[in-house]
Structure formats: structure tokens, C-alpha cells
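A short write-up of the structure that comes next.
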Amino acid sequence: MKPPPTNRLLDAHERLIVHYNINRWHWTEDTGPLDICLGALLVQHTSWANVETALTRLREAGAHSIEALLKLSETEIGALILPAGMPVGKSRRLKVFAELVASHGGFEGLFDRPAVELRTLLLGTYGIGPETADVIVLYAAKHPGVVHDAYTARLCGRLGIGPGTNRYEDWRAWLEATLPYDLDYRRRNHAAIVVHCKELCRTKPLCNACPLRDICEYVSEVLDGAGK
Ligand code: SF4
């Protein structure tokens, strides 16, 4: 029997952690806040491989620091991050973010702010939307926030759980109410969902190998319902 919907995400979490042996999140403990933030700012509409190429180019050009980004023009930054696409908008995004960090005396000063205040500040910064802000809050600032993204929507939609709307803030509130208030748990939960959606719960899911098959509405309603 399927567990109640409110607990299905927690059940899925436990199973996915074991299935994929996830004991860390996207980035390692050694990944600094600069890489996490630059990655979050650059990844929109491109692949992670392209982001890594852009980060490598910044490093090789000696532009991989807040101080260096402040000194470079947006045109110069745009040329370096070209592999990540949208150089005009993304270079402005990096420049404005560098100014935000510098205005707080560095990452420590910025991330010392309470999570709600930090999130509001990020959302008021050029080019930072809710998902990017929440990635920065959870992964770079190490506040136990939640991240909603397309992978979470896909998996929860198939499991038959969620707030019942498409609004980001509804999902965020639902995740906040559902997940334990624990930094490590929330980071691993997000990582597990991303990995699962890349490995098995793809656009065309590979349900036969899935550890969530018995709690998934997609299986009971779409596959089994179709007699597959
Ligand atoms: S059973 Fe299929 S649709 Fe459901 S979570 Fe697993 S892979 Fe996704």
C-alpha cells in the first residue's frame, strides 16, 4: 500500500539515498561559495558541461574571484563566459552579484544574514530568480532552505504529490512543510531527485528499474492502467 501523500517524498528520499548511494550533494564540502554561486548564475538555459567550461576560462584568465570580476568590464566577462551562452545578460549578472558580495565585505558577511533576509536580498538582485536564490541559500550560504526545480516537479508529479499548483512559491512552501529542517537532509534530498531524474525518471522514464515503482502513481495510473 502506498504511504500517505505527505510522507511519500520522505519515503522516496530514503529509497533514493540508498539506491544511488548518495552521501553528498551536487558539490563537495570543498567547493567554495564562489564556484557554487557562479555555477548557479551561469547554468540557466545551458548544460552543466558548458558552465564548467566557462568557469575554467575564468580561472585560466585569473578572473575567478570577486575582486577580479569587479575589475573586469561586462564585455570582458562576457567573452570569458561565452561557452555558457547569453553573454550579455550573464556577464551583467556576474558583475552585479560581485558588487553585492563586495558590498557585504565578502561571502561571509553576505551569508551571515538570516536566510529569509538573504533570500529577499538575492531576489532583489539583477538576474536572480527564486530557483537561483534558493540554490545559493541552500548550497553556498548553508542555510537549510529548499530548492524547487523542473526535476522536483517531474518526480513529485509522477509520484502524485505536491501542492497542486505550478507556482514556485507554493512548491517552496510545500517542500518547507514536508522536509525535515536539516541542512544535510535537504541538500541530499535535492541531489537525490536530480540524480534520479537524470538516471531513471527521465522524460521517458525507465520504471522497471526504479526503486519507487510501488509508490508511484505514474506506474499505477499510466503504465498499469494502460495494461503495460
Ligand atoms: S516508477 Fe517511473 S515514473 Fe515513477 S518515479 Fe520511478 S522512474 Fe519515475
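Chain labels A, B, ... are given in the sequence in which chains occur in the C-alpha cells; within each chain residues are numbered consecutively from 1, and ligands are likewise numbered from 1 in the order shown.
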
Per-residue nearest contacts of region 123-156 of chain A to region 74-90 of chain A (12 Å; only C-alpha atoms) as JSON lines:
{"residue": "A:Tyr126", "atom": "CA", "partner": "A:Gly89", "partner_atom": "CA", "distance": 9.3}
{"residue": "A:Gly127", "atom": "CA", "partner": "A:Gly89", "partner_atom": "CA", "distance": 7.7}
{"residue": "A:Ile128", "atom": "CA", "partner": "A:Lys90", "partner_atom": "CA", "distance": 10.4}

Throw together the list of residues within 8 Å of ligand 1, counting only C-alpha atoms and all ligand atoms, and drop it here as a count of residues only. 23

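Coordinates place CA of Gly39 (chain A) at a distance of 21.2 Å from CA of Arg172 (chain A).
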
Figure out the distance between CA of Pro130 (chain A) and CA of Lys142 (chain A), please, to one decimal in Å. 16.4 Å

When DSSP works through the backbone of this structure, what residues of region 74-224 of chain A end up as alpha helix (DSSP H), shown as a PyMOL selection string? chain A and resi 74-80+87-103+107-111+115-123+130-135+150-159+168-178+183-199+217

Please compute the CA of Ala133 (chain A)-CA of His148 (chain A) distance, one decimal, in Å. 10.7 Å

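Proximity ranking of A:Ser65, A:Glu199, A:Arg93, A:Arg167 relative to Leu122 (chain A) places A:Arg93 first, based on only C-alpha atoms.
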
What are the closest atom pairs, with distances in Å to one decimal, for all residues of region 55-166 of chain A lying within 10 Å of region 175-192 of chain A? Consider only C-alpha atoms, order rows by chain and residue number, and present the result as a Markdown table.
| residue | atom | partner | partner_atom | distance |
| --- | --- | --- | --- | --- |
| A:Val135 | CA | A:Arg187 | CA | 9.6 |
| A:Leu138 | CA | A:Arg187 | CA | 7.1 |
| A:Tyr139 | CA | A:Arg187 | CA | 7.2 |
| A:Lys142 | CA | A:Leu183 | CA | 6.9 |
| A:His143 | CA | A:Leu183 | CA | 6.5 |
| A:Pro144 | CA | A:Leu183 | CA | 4.2 |
| A:Gly145 | CA | A:Arg186 | CA | 7.3 |
| A:Val146 | CA | A:Glu176 | CA | 6.4 |
| A:Val147 | CA | A:His190 | CA | 7.0 |
| A:His148 | CA | A:Leu175 | CA | 7.9 |
| A:Asp149 | CA | A:His190 | CA | 9.2 |
| A:Tyr151 | CA | A:His190 | CA | 9.0 |
| A:Thr152 | CA | A:His190 | CA | 7.8 |
| A:Gly162 | CA | A:Leu175 | CA | 8.2 |
| A:Pro163 | CA | A:Leu175 | CA | 8.8 |

Keeping only all heavy atoms, write the selected residues to a file as a tab-separated table (two decimals), in the first residue's frame.
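Result written to selection.tsv:
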chain	number	residue	atom	x	y	z
A	135	VAL	N	19.09	28.00	-4.52
A	135	VAL	CA	20.33	27.21	-4.65
A	135	VAL	C	21.45	27.89	-3.86
A	135	VAL	O	22.20	27.24	-3.12
A	135	VAL	CB	20.73	27.05	-6.14
A	135	VAL	CG1	22.16	26.53	-6.26
A	135	VAL	CG2	19.78	26.10	-6.84
A	138	LEU	N	20.79	27.47	-0.05
A	138	LEU	CA	20.98	26.10	0.45
A	138	LEU	C	22.43	25.63	0.33
A	138	LEU	O	22.99	25.07	1.27
A	138	LEU	CB	20.06	25.14	-0.31
A	138	LEU	CG	20.18	23.65	0.06
A	138	LEU	CD1	19.71	23.40	1.49
A	138	LEU	CD2	19.36	22.79	-0.90
A	139	TYR	N	23.02	25.83	-0.84
A	139	TYR	CA	24.33	25.22	-1.08
A	139	TYR	C	25.50	26.13	-0.72
A	139	TYR	O	26.50	25.68	-0.18
A	139	TYR	CB	24.45	24.80	-2.55
A	139	TYR	CG	23.61	23.59	-2.88
A	139	TYR	CD1	22.43	23.72	-3.61
A	139	TYR	CD2	23.99	22.32	-2.48
A	139	TYR	CE1	21.66	22.62	-3.92
A	139	TYR	CE2	23.23	21.21	-2.78
A	139	TYR	CZ	22.06	21.36	-3.50
A	139	TYR	OH	21.28	20.26	-3.79
A	142	LYS	N	24.65	27.75	3.05
A	142	LYS	CA	24.47	26.66	4.02
A	142	LYS	C	23.35	26.93	5.03
A	142	LYS	O	23.47	26.60	6.21
A	142	LYS	CB	25.79	26.34	4.73
A	142	LYS	CG	26.88	25.91	3.77
A	142	LYS	CD	28.15	25.51	4.47
A	142	LYS	CE	29.20	25.08	3.45
A	142	LYS	NZ	30.49	24.75	4.02
A	143	HIS	N	22.29	27.55	4.56
A	143	HIS	CA	21.06	27.64	5.35
A	143	HIS	C	20.16	26.48	4.91
A	143	HIS	O	20.09	26.18	3.71
A	143	HIS	CB	20.32	28.96	5.08
A	143	HIS	CG	21.04	30.18	5.57
A	143	HIS	ND1	21.22	30.45	6.91
A	143	HIS	CD2	21.62	31.21	4.90
A	143	HIS	CE1	21.87	31.59	7.05
A	143	HIS	NE2	22.13	32.08	5.85
A	144	PRO	N	19.44	25.84	5.83
A	144	PRO	CA	18.60	24.70	5.43
A	144	PRO	C	17.31	25.11	4.71
A	144	PRO	O	16.20	24.94	5.21
A	144	PRO	CB	18.30	24.00	6.77
A	144	PRO	CG	18.52	25.03	7.81
A	144	PRO	CD	19.47	26.05	7.28
A	145	GLY	N	17.47	25.68	3.52
A	145	GLY	CA	16.32	26.05	2.71
A	145	GLY	C	15.91	24.91	1.80
A	145	GLY	O	16.37	23.77	1.96
A	146	VAL	N	15.04	25.19	0.86
A	146	VAL	CA	14.61	24.17	-0.11
A	146	VAL	C	14.74	24.75	-1.52
A	146	VAL	O	14.68	25.96	-1.71
A	146	VAL	CB	13.15	23.72	0.13
A	146	VAL	CG1	13.03	23.00	1.46
A	146	VAL	CG2	12.19	24.90	0.06
A	147	VAL	N	14.93	23.85	-2.48
A	147	VAL	CA	15.02	24.25	-3.89
A	147	VAL	C	13.95	23.51	-4.67
A	147	VAL	O	13.86	22.28	-4.60
A	147	VAL	CB	16.41	23.90	-4.48
A	147	VAL	CG1	16.45	24.24	-5.96
A	147	VAL	CG2	17.51	24.64	-3.73
A	148	HIS	N	13.17	24.26	-5.40
A	148	HIS	CA	12.23	23.62	-6.33
A	148	HIS	C	12.75	23.80	-7.75
A	148	HIS	O	13.24	24.87	-8.10
A	148	HIS	CB	10.84	24.25	-6.21
A	148	HIS	CG	9.87	23.68	-7.21
A	148	HIS	ND1	9.60	22.33	-7.28
A	148	HIS	CD2	9.15	24.26	-8.20
A	148	HIS	CE1	8.74	22.11	-8.25
A	148	HIS	NE2	8.45	23.26	-8.83
A	149	ASP	N	12.69	22.74	-8.54
A	149	ASP	CA	13.15	22.86	-9.93
A	149	ASP	C	12.35	21.90	-10.81
A	149	ASP	O	11.43	21.22	-10.33
A	149	ASP	CB	14.66	22.58	-10.04
A	149	ASP	CG	15.04	21.23	-9.46
A	149	ASP	OD1	14.15	20.38	-9.27
A	149	ASP	OD2	16.23	21.01	-9.18
A	151	TYR	N	13.15	19.11	-12.08
A	151	TYR	CA	13.29	17.71	-11.68
A	151	TYR	C	12.33	17.37	-10.53
A	151	TYR	O	11.68	16.32	-10.53
A	151	TYR	CB	14.72	17.41	-11.24
A	151	TYR	CG	15.74	17.50	-12.35
A	151	TYR	CD1	16.88	18.29	-12.20
A	151	TYR	CD2	15.58	16.80	-13.54
A	151	TYR	CE1	17.83	18.37	-13.21
A	151	TYR	CE2	16.52	16.88	-14.55
A	151	TYR	CZ	17.65	17.66	-14.39
A	151	TYR	OH	18.58	17.74	-15.38
A	152	THR	N	12.26	18.27	-9.56
A	152	THR	CA	11.35	18.05	-8.43
A	152	THR	C	9.90	18.00	-8.91
A	152	THR	O	9.12	17.15	-8.47
A	152	THR	CB	11.51	19.19	-7.39
A	152	THR	OG1	12.90	19.32	-7.06
A	152	THR	CG2	10.72	18.90	-6.13
A	162	GLY	N	2.57	16.89	-4.05
A	162	GLY	CA	2.88	18.28	-4.36
A	162	GLY	C	1.75	19.19	-3.94
A	162	GLY	O	0.71	18.73	-3.45
A	163	PRO	N	1.93	20.50	-4.12
A	163	PRO	CA	0.92	21.45	-3.65
A	163	PRO	C	-0.29	21.58	-4.57
A	163	PRO	O	-1.26	22.24	-4.22
A	163	PRO	CB	1.70	22.77	-3.60
A	163	PRO	CG	2.72	22.63	-4.68
A	163	PRO	CD	3.12	21.18	-4.68

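The nearest approach to Gly32 (chain A) among the residues A:Gly129, A:Leu100, A:Pro114, A:His64, with only C-alpha atoms taken into account, belongs to A:His64.
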
Selection near Gly62 (chain A), 12 Å with only C-alpha atoms, sequence-local residues under 6 positions removed, as a PDB file with C-alpha atoms, in the first residue's frame:
ATOM      1  CA  LEU A  55      34.385  28.505 -15.055  1.00  0.00           C
ATOM      2  CA  THR A  56      37.647  27.043 -16.372  1.00  0.00           C
ATOM      3  CA  ALA A  68      38.768  40.188 -10.428  1.00  0.00           C
ATOM      4  CA  LEU A  69      35.141  40.303 -11.582  1.00  0.00           C
ATOM      5  CA  LYS A  71      37.793  44.981 -12.166  1.00  0.00           C
ATOM      6  CA  LEU A  72      36.678  43.489 -15.491  1.00  0.00           C
ATOM      7  CA  ILE A  77      33.452  38.890 -18.579  1.00  0.00           C
ATOM      8  CA  LEU A  80      35.231  34.637 -20.957  1.00  0.00           C
TER       9      LEU A  80
END
